[in-house]
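Colleague: What follows is data-v4.cif, made up of mmCIF, C-alpha atoms:
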```cif
data_protein
#
loop_
_atom_site.label_atom_id
_atom_site.label_comp_id
_atom_site.auth_asym_id
_atom_site.auth_seq_id
_atom_site.Cartn_x
_atom_site.Cartn_y
_atom_site.Cartn_z
CA MET A 1 4.04 4.45 -79.50
CA VAL A 2 2.61 6.15 -76.55
CA ARG A 3 4.18 5.50 -73.31
CA ARG A 4 2.03 5.33 -70.33
CA ARG A 5 3.29 6.70 -67.22
CA THR A 6 2.83 4.18 -64.47
CA GLU A 7 2.62 5.34 -60.95
CA LYS A 8 4.28 3.28 -58.34
CA VAL A 9 1.96 2.36 -55.61
CA PRO A 10 3.77 2.22 -52.28
CA PRO A 11 3.75 -1.23 -50.78
CA VAL A 12 1.25 -1.83 -48.05
CA ARG A 13 3.04 -1.90 -44.74
CA ARG A 14 1.72 -4.24 -42.19
CA THR A 15 2.34 -3.32 -38.63
CA ARG A 16 3.54 -6.27 -36.72
CA GLY A 17 2.79 -7.00 -33.08
CA PHE A 18 5.10 -8.55 -30.59
CA THR A 19 6.12 -12.11 -31.08
CA LEU A 20 5.52 -14.69 -28.42
CA VAL A 21 9.22 -14.75 -27.54
CA GLU A 22 9.29 -10.97 -27.08
CA LEU A 23 6.23 -11.10 -24.84
CA MET A 24 7.77 -13.90 -22.76
CA ILE A 25 10.99 -11.91 -22.31
CA GLY A 26 8.98 -8.88 -21.19
CA VAL A 27 7.01 -10.92 -18.66
CA LEU A 28 10.25 -12.48 -17.42
CA LEU A 29 11.85 -9.06 -16.90
CA VAL A 30 8.83 -7.79 -14.99
CA GLY A 31 8.91 -10.93 -12.82
CA VAL A 32 12.62 -10.48 -12.04
CA LEU A 33 12.09 -6.82 -11.11
CA LEU A 34 9.19 -7.75 -8.81
CA ALA A 35 11.22 -10.53 -7.20
CA ILE A 36 13.94 -8.00 -6.41
CA GLY A 37 11.69 -5.11 -5.40
CA LEU A 38 8.94 -6.66 -3.28
CA PRO A 39 11.18 -8.02 -0.46
CA SER A 40 12.93 -4.65 -0.25
CA PHE A 41 9.59 -2.88 -0.02
CA ALA A 42 8.38 -5.31 2.67
CA ARG A 43 11.53 -4.68 4.76
CA TYR A 44 11.07 -0.93 4.36
CA ARG A 45 7.42 -1.16 5.41
CA ASP A 46 8.37 -3.18 8.52
CA LYS A 47 11.01 -0.59 9.49
CA VAL A 48 8.44 2.19 9.15
CA ARG A 49 5.93 0.29 11.28
CA THR A 50 8.58 -0.37 13.94
CA ARG A 51 9.54 3.32 14.04
CA GLN A 52 5.87 4.29 14.34
CA CYS A 53 5.40 1.81 17.17
CA ILE A 54 8.43 3.19 19.03
CA GLN A 55 7.05 6.72 18.67
CA ASP A 56 3.65 5.58 19.95
CA ILE A 57 5.25 3.95 23.00
CA VAL A 58 7.22 7.12 23.74
CA VAL A 59 4.01 9.19 23.59
CA LEU A 60 1.95 6.70 25.62
CA GLY A 61 4.72 6.42 28.22
CA GLY A 62 4.78 10.19 28.51
CA MET A 63 1.03 10.24 29.00
CA VAL A 64 1.34 7.62 31.76
CA ARG A 65 3.98 9.74 33.51
CA VAL A 66 1.80 12.84 33.26
CA TYR A 67 -1.05 10.83 34.81
CA TYR A 68 1.30 9.76 37.62
CA ALA A 69 2.37 13.36 38.24
CA ALA A 70 -1.26 14.48 38.44
CA ASN A 71 -2.67 11.58 40.48
CA GLY A 72 0.23 10.13 42.46
CA SER A 73 -0.28 6.63 41.02
CA TYR A 74 -0.04 4.93 37.67
CA PRO A 75 -3.24 4.23 35.74
CA ASN A 76 -4.68 0.72 35.77
CA SER A 77 -5.18 0.77 32.00
CA LEU A 78 -4.35 2.90 29.00
CA ALA A 79 -8.02 3.92 28.78
CA GLU A 80 -7.52 6.03 31.93
CA ILE A 81 -4.98 8.24 30.14
CA GLY A 82 -7.22 8.89 27.17
CA ASN A 83 -5.88 6.23 24.83
CA ASP A 84 -8.95 5.75 22.67
CA GLY A 85 -8.16 2.18 21.71
CA LYS A 86 -5.13 3.19 19.65
CA ALA A 87 -3.67 0.08 18.13
CA ASP A 88 -0.09 -0.59 17.13
CA PRO A 89 0.85 -0.44 13.42
CA TRP A 90 -0.05 -4.13 13.06
CA GLY A 91 -3.59 -3.51 14.32
CA ARG A 92 -3.20 -4.99 17.81
CA PRO A 93 -3.71 -3.08 21.08
CA TYR A 94 -0.70 -1.93 23.08
CA VAL A 95 -0.12 -3.94 26.25
CA TYR A 96 0.13 -2.04 29.52
CA TYR A 97 0.86 -3.51 32.94
CA ASN A 98 0.96 -1.47 36.16
CA ILE A 99 3.76 -3.04 38.21
CA ASP A 100 3.18 -0.78 41.23
CA ALA A 101 -0.42 -1.94 41.64
CA ASN A 102 -0.20 -5.54 40.38
CA GLY A 103 3.28 -6.64 41.47
CA LYS A 104 6.18 -8.06 39.50
CA GLY A 105 4.57 -11.44 38.83
CA HIS A 106 3.33 -10.68 35.32
CA ALA A 107 5.92 -8.06 34.43
CA ARG A 108 8.16 -8.56 31.40
CA LYS A 109 11.51 -10.10 32.27
CA ASP A 110 15.00 -10.21 30.78
CA HIS A 111 17.14 -13.33 30.25
CA ALA A 112 17.99 -13.49 33.98
CA LEU A 113 14.27 -13.24 34.89
CA ASN A 114 14.67 -9.71 36.26
CA PRO A 115 11.78 -7.32 35.57
CA LEU A 116 12.49 -4.88 32.74
CA ASN A 117 10.85 -1.98 34.58
CA THR A 118 10.01 -1.04 38.15
CA ASP A 119 7.10 1.28 37.35
CA PHE A 120 5.05 -0.06 34.41
CA ASP A 121 5.38 -2.20 31.31
CA LEU A 122 4.27 -0.88 27.94
CA TYR A 123 4.85 -2.83 24.75
CA SER A 124 3.56 -4.07 21.41
CA VAL A 125 3.50 -7.76 20.61
CA GLY A 126 5.17 -6.96 17.29
CA PRO A 127 4.62 -8.21 13.77
CA ASP A 128 3.97 -11.85 14.66
CA GLY A 129 1.36 -11.08 17.33
CA LYS A 130 2.93 -13.55 19.79
CA THR A 131 4.64 -12.81 23.08
CA LYS A 132 5.99 -14.47 26.21
CA PRO A 133 6.87 -12.89 29.58
CA GLN A 134 10.59 -13.43 29.08
CA ILE A 135 11.84 -11.29 26.18
CA THR A 136 14.56 -13.73 25.11
CA GLN A 137 12.02 -16.39 24.19
CA LYS A 138 11.39 -16.98 20.49
CA ASP A 139 7.89 -15.44 20.47
CA SER A 140 9.08 -12.24 22.16
CA VAL A 141 12.21 -11.23 20.27
CA ASP A 142 10.23 -9.11 17.79
CA ASP A 143 8.21 -7.26 20.46
CA ILE A 144 8.66 -3.50 20.63
CA LEU A 145 8.97 -2.59 24.28
CA ARG A 146 9.84 -0.05 26.91
CA ALA A 147 12.58 -1.17 29.35
CA SER A 148 14.82 0.27 32.08
CA ASN A 149 11.99 2.61 33.13
CA GLY A 150 11.91 4.25 29.72
CA GLU A 151 15.64 4.49 29.03
CA PHE A 152 15.29 1.88 26.28
CA ILE A 153 12.46 1.76 23.77
CA GLY A 154 12.92 -0.57 20.84
CA ILE A 155 12.94 -4.15 19.59
CA ALA A 156 13.33 -6.75 22.36
CA ALA A 157 16.14 -8.52 20.50
CA GLN A 158 18.23 -5.33 20.73
CA PHE A 159 17.84 -4.96 24.48
#
```
Give the structure from this file in structure tokens form.
Modeller:
Amino acid sequence: MVRRRTEKVPPVRRTRGFTLVELMIGVLLVGVLLAIGLPSFARYRDKVRTRQCIQDIVVLGGMVRVYYAANGSYPNSLAEIGNDGKADPWGRPYVYYNIDANGKGHARKDHALNPLNTDFDLYSVGPDGKTKPQITQKDSVDDILRASNGEFIGIAAQF
């Protein structure tokens, strides 16, 4: 009797994909991570924009003071100091008001209705794009402004 040598053929392995449950768990994890991360990123982006706006107001205020030193009066608009339509980080123009030339009537005011500055107002309407003359009003608390003749530059709610 002759024995035949039989060769074992390795079993065919089928590669399996992910099951529906595994895919759903993966999507759920990505959703949870996004829900945690996106608000943090949005807060960080707002802080960066606020810091940039404060720096812009410091620079623009310095340019206005240089103009005053050279001409003996404050400019009537930011265009006179060479501000080429620079917008705040939210894409809106900075607001400038010459108190010396135009009076205190339209100047920004604190909670006691006292003008914030005696020389000029310079501010951004902030993220919401809304503002009121009195900085304690709801539409103005997020404005980034210059107050106390440049001693304070920051968010209106912190003044």
Colleague: Counting all atoms listed in the file, which of A:Lys8, A:Ala112, A:Gly61, A:Ile99 gets nearest to Phe152 of chain A?
Modeller: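 Result for the nearest residue to Phe152 of chain A: A:Gly61.
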Colleague: Around the point (-0.3, -11.5, 33.3), in the coordinates given by the file, pick out the residues reaching within 9 Å, counting only C-alpha atoms, and return them as a list in words.
Modeller: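 All residues meeting the 9 Å criterion around (-0.3, -11.5, 33.3) are Tyr97, Gly105, His106, Ala107 and Pro133 of chain A.
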Colleague: Could you expand the PyMOL selection byres ((chain A and resi 93) around 12) into the explicit residues it covers here, written as a PDB file with C-alpha atoms, in the coordinates of the input?
Modeller:
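Writing the result to out_19.pdb gives the following:
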```pdb
ATOM      1  CA  CYS A  53       5.400   1.810  17.170  1.00  0.00           C
ATOM      2  CA  ASP A  56       3.650   5.580  19.950  1.00  0.00           C
ATOM      3  CA  ILE A  57       5.250   3.950  23.000  1.00  0.00           C
ATOM      4  CA  SER A  77      -5.180   0.770  32.000  1.00  0.00           C
ATOM      5  CA  LEU A  78      -4.350   2.900  29.000  1.00  0.00           C
ATOM      6  CA  ALA A  79      -8.020   3.920  28.780  1.00  0.00           C
ATOM      7  CA  ASN A  83      -5.880   6.230  24.830  1.00  0.00           C
ATOM      8  CA  ASP A  84      -8.950   5.750  22.670  1.00  0.00           C
ATOM      9  CA  GLY A  85      -8.160   2.180  21.710  1.00  0.00           C
ATOM     10  CA  LYS A  86      -5.130   3.190  19.650  1.00  0.00           C
ATOM     11  CA  ALA A  87      -3.670   0.080  18.130  1.00  0.00           C
ATOM     12  CA  ASP A  88      -0.090  -0.590  17.130  1.00  0.00           C
ATOM     13  CA  PRO A  89       0.850  -0.440  13.420  1.00  0.00           C
ATOM     14  CA  TRP A  90      -0.050  -4.130  13.060  1.00  0.00           C
ATOM     15  CA  GLY A  91      -3.590  -3.510  14.320  1.00  0.00           C
ATOM     16  CA  ARG A  92      -3.200  -4.990  17.810  1.00  0.00           C
ATOM     17  CA  TYR A  94      -0.700  -1.930  23.080  1.00  0.00           C
ATOM     18  CA  VAL A  95      -0.120  -3.940  26.250  1.00  0.00           C
ATOM     19  CA  TYR A  96       0.130  -2.040  29.520  1.00  0.00           C
ATOM     20  CA  LEU A 122       4.270  -0.880  27.940  1.00  0.00           C
ATOM     21  CA  TYR A 123       4.850  -2.830  24.750  1.00  0.00           C
ATOM     22  CA  SER A 124       3.560  -4.070  21.410  1.00  0.00           C
ATOM     23  CA  VAL A 125       3.500  -7.760  20.610  1.00  0.00           C
ATOM     24  CA  GLY A 126       5.170  -6.960  17.290  1.00  0.00           C
ATOM     25  CA  GLY A 129       1.360 -11.080  17.330  1.00  0.00           C
TER      26      GLY A 129
END
```
Colleague: Can you pull out every residue within 12 Å of Gly62 of chain A, counting only C-alpha atoms, but drop anything in the same chain fewer than 4 positions away, and send it as a ChimeraX atom specification?
Modeller: /A:55-58,66-69,74,78,81,83,120,122,146,149-150
Colleague: The residues within 8 Å of (7.4, -15.1, 20.1), using only C-alpha atoms and the coordinates of the file, should be reported as JSON, numbers by chain; which are they?
Modeller: {"A": [128, 129, 130, 131, 132, 137, 138, 139, 140, 141, 142, 143]}
Colleague: Pick out the residues sitting within 6 Å of Gln134 of chain A, and hand them over as an NGL selection string; count only C-alpha atoms, and ignore anything fewer than 5 positions along from it in its own chain.
Modeller: :A and (108-110)
Colleague: What separation in Å, quoted to one decimal, exists between atom CA of Asn117 of chain A and atom CA of Ile135 of chain A?
Modeller: 12.6 Å
Colleague: How many Å lie between atom CA of Asp46 of chain A and atom CA of Ala157 of chain A, rounded to one decimal?
Modeller: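 Answer for the atom CA of Asp46 of chain A to atom CA of Ala157 of chain A separation: 15.2 Å.
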Colleague: Put a box with edges along x, y and z around all the listed atoms of segment 91-104 of chain A, pad it by 4 Å on each side, then give me its centre and sizes in Å, one decimal, as AutoDock Vina command-line options.
Modeller:
```
--center_x 1.2 --center_y -4.4 --center_z 28.0 --size_x 17.9 --size_y 15.3 --size_z 35.3
```
Colleague: Mind pulling up the distance from atom CA of Lys47 of chain A to atom CA of Pro127 of chain A?
Modeller: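 Distance between the two atoms: 10.8 Å.
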Colleague: My list of candidates is A:Leu116, A:Ile153, A:Val32, A:Ile54. Which is closest to Thr136 of chain A when distances are computed with only C-alpha atoms?
Modeller: A:Leu116
Colleague: So, counting all atoms listed in the file, which residue among A:Leu34, A:Leu20, A:Thr50, A:Asn71 is closest to Ala156 of chain A?
Modeller: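 Of A:Leu34, A:Leu20, A:Thr50, A:Asn71, the one nearest Ala156 of chain A is A:Thr50, counting all atoms listed in the file.
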Colleague: Hey, what's within 10 Å of Ser73 of chain A if we count only C-alpha atoms and toss same-chain stuff fewer than 6 positions away? As a list in words, please?
Modeller: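 So, after excluding close chain neighbours, the residues are Val64, Arg65, Tyr67, Asn98, Asp100, Ala101 and Asp119 of chain A.
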